[in-house]
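Report on the structure given below.
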Amino acid sequence: MALKDEVARFLKSNGHIQRIHFTLLRYKVSPTVYQKELAEAIATEAIEVRTQGSGTAAAAATYNPERKSLELHPSFNLLNLWHQAVLVHEATHACLDIQMIGAHPGHENEAVAYLAEAIFLGSAGVAPLPADPIRTVSHRIAKSVLSGNPWVTDRDAAQLAWEVAKNPHYARKFVYSSTGLRKPA
Ligand SMILES: [Zn+2]
């Protein structure tokens, strides 16, 4: 099976993705965005799934909004739960890109992706890895979402975005743009 079809099948059939349903500030995330809109965009190559060359970034997966591509590390393994969690995080960036919300704060976008990742791992009964301040907060909020509170409070959203902003990796990522699917050639 082609890699893109494996990724699309994972998004459609994974039971933990079924539980990723929340609203954080203006951002709405629901299972259907992963299962229908994103899985279809991947199947039709409106979002391209590609394997990175060796020697590239250490992350198991990254989403590139300019290229509209979900890029997987050569070592990426769809059977590995931690790799699945990274894929869910990156797929959430893709889900927000599809929604065409235009320019918006990068720290909020990352907060949404970290919360989706935490809900996925929380649903799987797994603690955050690695333990860091962003994930301490995201997993606390995820517990609340998983216990039936899909509306993230503004206070929790602000705290999570603030933890993202304090991380040097995200310090300068002030604005992300969300521009929809790749235009047909
Ligand atoms: Zn991210």
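Ordered as shown in the structure tokens, chains take letters A, B, and onward, while each chain numbers its residues from 1 and ligands are numbered from 1 in the order shown.
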DSSP alpha helix (DSSP H) residues within region 5-185 of chain A, listed as a ChimeraX atom specification:
/A:5-13,31-32,39-43,81-98,106-123,133-146,154-166
Please build the interface table for chain A against ligand 1 with a cut-off of 7 Å, listing for each qualifying residue the nearest atom pair and the distance in Å to one decimal; count only C-alpha atoms and all ligand atoms, order rows by chain and increasing number, and write it as JSON lines.
{"residue": "A:His89", "atom": "CA", "partner": "ligand 1", "partner_atom_place_in_ligand_line": "1 (Zn)", "distance": 6.1}
{"residue": "A:Glu90", "atom": "CA", "partner": "ligand 1", "partner_atom_place_in_ligand_line": "1 (Zn)", "distance": 6.0}
{"residue": "A:His93", "atom": "CA", "partner": "ligand 1", "partner_atom_place_in_ligand_line": "1 (Zn)", "distance": 6.6}
{"residue": "A:Glu110", "atom": "CA", "partner": "ligand 1", "partner_atom_place_in_ligand_line": "1 (Zn)", "distance": 4.9}
{"residue": "A:Ala113", "atom": "CA", "partner": "ligand 1", "partner_atom_place_in_ligand_line": "1 (Zn)", "distance": 5.8}
{"residue": "A:Tyr114", "atom": "CA", "partner": "ligand 1", "partner_atom_place_in_ligand_line": "1 (Zn)", "distance": 6.9}
Between region 37-151 of chain A and region 7-28 of chain A, at 6 Å or less, what are the per-residue closest atom pairs and their distances in Å? Count only C-alpha atoms, order by chain and rising residue number, and return it as CSV.
residue,atom,partner,partner_atom,distance
A:Ala39,CA,A:Ala8,CA,4.7
A:Phe120,CA,A:His16,CA,5.3
A:Ser123,CA,A:His16,CA,5.7
A:Pro150,CA,A:Phe22,CA,4.3
A:Trp151,CA,A:Thr23,CA,5.2
Generate the output file for the selected residues, C-alpha atoms, as a PDB file, in the first residue's frame.
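Listing of result-v2.pdb after writing:
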ATOM      1  CA  ALA A  39      -7.831  12.032   4.540  1.00  0.00           C
ATOM      2  CA  PHE A 120      -4.574  11.352  21.265  1.00  0.00           C
ATOM      3  CA  SER A 123      -7.019   8.524  24.953  1.00  0.00           C
ATOM      4  CA  PRO A 150     -14.844  20.234  24.636  1.00  0.00           C
ATOM      5  CA  TRP A 151     -14.796  24.011  25.300  1.00  0.00           C
TER       6      TRP A 151
END
Using only C-alpha atoms, which protein or nucleic acid residues come within 12 Å of Ser69 (chain A)? Drop anything in the same chain fewer than 2 positions from it, and give the result as an mmCIF file with N, CA and C atoms, in the first residue's frame.
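Dumped to around.cif:
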data_model
loop_
_atom_site.group_PDB
_atom_site.id
_atom_site.type_symbol
_atom_site.label_atom_id
_atom_site.label_comp_id
_atom_site.auth_asym_id
_atom_site.auth_seq_id
_atom_site.Cartn_x
_atom_site.Cartn_y
_atom_site.Cartn_z
ATOM 1 N N LYS A 4 0.862 7.250 1.258
ATOM 2 C CA LYS A 4 -0.258 8.183 1.444
ATOM 3 C C LYS A 4 -1.539 7.440 1.794
ATOM 4 N N LEU A 38 -9.148 15.946 5.620
ATOM 5 C CA LEU A 38 -7.703 15.734 5.481
ATOM 6 C C LEU A 38 -7.398 14.414 4.780
ATOM 7 N N ALA A 41 -7.936 14.898 1.165
ATOM 8 C CA ALA A 41 -6.899 15.746 0.557
ATOM 9 C C ALA A 41 -5.619 14.942 0.345
ATOM 10 N N ILE A 42 -5.324 14.039 1.259
ATOM 11 C CA ILE A 42 -4.121 13.205 1.132
ATOM 12 C C ILE A 42 -4.313 12.168 0.023
ATOM 13 N N GLU A 45 -3.964 13.787 -3.224
ATOM 14 C CA GLU A 45 -2.684 14.496 -3.328
ATOM 15 C C GLU A 45 -2.818 16.010 -3.354
ATOM 16 N N ALA A 46 -3.970 16.534 -2.897
ATOM 17 C CA ALA A 46 -4.072 17.982 -2.667
ATOM 18 C C ALA A 46 -3.134 18.348 -1.515
ATOM 19 N N ILE A 47 -2.905 17.395 -0.623
ATOM 20 C CA ILE A 47 -1.790 17.469 0.333
ATOM 21 C C ILE A 47 -0.918 16.250 0.055
ATOM 22 N N GLU A 48 0.348 16.539 -0.191
ATOM 23 C CA GLU A 48 1.251 15.455 -0.588
ATOM 24 C C GLU A 48 1.916 14.829 0.641
ATOM 25 N N VAL A 49 1.903 13.510 0.727
ATOM 26 C CA VAL A 49 2.676 12.808 1.750
ATOM 27 C C VAL A 49 3.977 12.376 1.101
ATOM 28 N N ARG A 50 5.104 12.810 1.697
ATOM 29 C CA ARG A 50 6.385 12.423 1.110
ATOM 30 C C ARG A 50 7.370 12.055 2.216
ATOM 31 N N THR A 51 8.335 11.258 1.854
ATOM 32 C CA THR A 51 9.394 10.893 2.791
ATOM 33 C C THR A 51 10.550 11.849 2.602
ATOM 34 N N GLN A 52 11.034 12.401 3.723
ATOM 35 C CA GLN A 52 12.174 13.323 3.663
ATOM 36 C C GLN A 52 13.429 12.554 3.286
ATOM 37 N N ALA A 61 7.873 13.664 11.827
ATOM 38 C CA ALA A 61 7.019 14.188 10.762
ATOM 39 C C ALA A 61 6.963 15.704 10.883
ATOM 40 N N THR A 62 6.770 16.380 9.747
ATOM 41 C CA THR A 62 6.512 17.818 9.775
ATOM 42 C C THR A 62 5.488 18.140 8.691
ATOM 43 N N TYR A 63 4.718 19.208 8.917
ATOM 44 C CA TYR A 63 3.801 19.689 7.886
ATOM 45 C C TYR A 63 4.383 20.972 7.320
ATOM 46 N N ASN A 64 4.464 21.039 5.990
ATOM 47 C CA ASN A 64 4.997 22.225 5.320
ATOM 48 C C ASN A 64 3.840 22.955 4.626
ATOM 49 N N PRO A 65 3.390 24.088 5.206
ATOM 50 C CA PRO A 65 2.208 24.765 4.661
ATOM 51 C C PRO A 65 2.454 25.418 3.308
ATOM 52 N N GLU A 66 3.727 25.757 2.997
ATOM 53 C CA GLU A 66 3.994 26.355 1.685
ATOM 54 C C GLU A 66 3.877 25.298 0.592
ATOM 55 N N ARG A 67 4.452 24.130 0.858
ATOM 56 C CA ARG A 67 4.407 23.056 -0.151
ATOM 57 C C ARG A 67 3.136 22.235 -0.077
ATOM 58 N N GLU A 71 5.532 15.702 5.616
ATOM 59 C CA GLU A 71 6.828 15.096 5.323
ATOM 60 C C GLU A 71 7.227 14.164 6.454
ATOM 61 N N LEU A 72 7.448 12.917 6.110
ATOM 62 C CA LEU A 72 7.764 11.901 7.112
ATOM 63 C C LEU A 72 9.251 11.568 7.063
ATOM 64 N N GLU A 90 1.113 17.048 13.567
ATOM 65 C CA GLU A 90 1.348 17.678 12.263
ATOM 66 C C GLU A 90 0.079 17.684 11.412
ATOM 67 N N ALA A 91 -0.703 16.620 11.516
ATOM 68 C CA ALA A 91 -1.980 16.563 10.783
ATOM 69 C C ALA A 91 -2.912 17.669 11.261
ATOM 70 N N HIS A 93 -1.927 20.669 12.206
ATOM 71 C CA HIS A 93 -1.510 21.867 11.455
ATOM 72 C C HIS A 93 -2.150 21.848 10.065
ATOM 73 N N ALA A 94 -2.164 20.683 9.432
ATOM 74 C CA ALA A 94 -2.767 20.574 8.100
ATOM 75 C C ALA A 94 -4.266 20.856 8.167
ATOM 76 N N ASP A 97 -4.756 24.472 8.305
ATOM 77 C CA ASP A 97 -4.432 25.076 7.010
ATOM 78 C C ASP A 97 -5.614 24.929 6.046
ATOM 79 N N ILE A 98 -6.227 23.752 6.053
ATOM 80 C CA ILE A 98 -7.376 23.482 5.177
ATOM 81 C C ILE A 98 -8.532 24.448 5.449
ATOM 82 N N LEU A 181 -6.195 24.329 0.494
ATOM 83 C CA LEU A 181 -5.495 23.282 -0.258
ATOM 84 C C LEU A 181 -4.703 23.858 -1.421
ATOM 85 N N ARG A 182 -3.772 23.062 -1.927
ATOM 86 C CA ARG A 182 -3.003 23.450 -3.100
ATOM 87 C C ARG A 182 -3.947 23.634 -4.289
#
Any idea what the distance is between CA of Tyr176 (chain A) and CA of Gly148 (chain A)?
29.4 Å
Nearest to His73 (chain A) among A:Leu3, A:Val29, A:Ala60, A:Cys95, with distances taken over only C-alpha atoms: which residue is it?
A:Ala60
Residue neighbourhood Leu160 (chain A), 12 Å, only C-alpha atoms, exclusion window fewer than 4 positions, as a PyMOL selection string:
chain A and resi 24-25+107-115+118+132-142+152-156+164-167
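Interatomic distance, CA of Pro105 (chain A) to CA of Thr92 (chain A): 15.1 Å.
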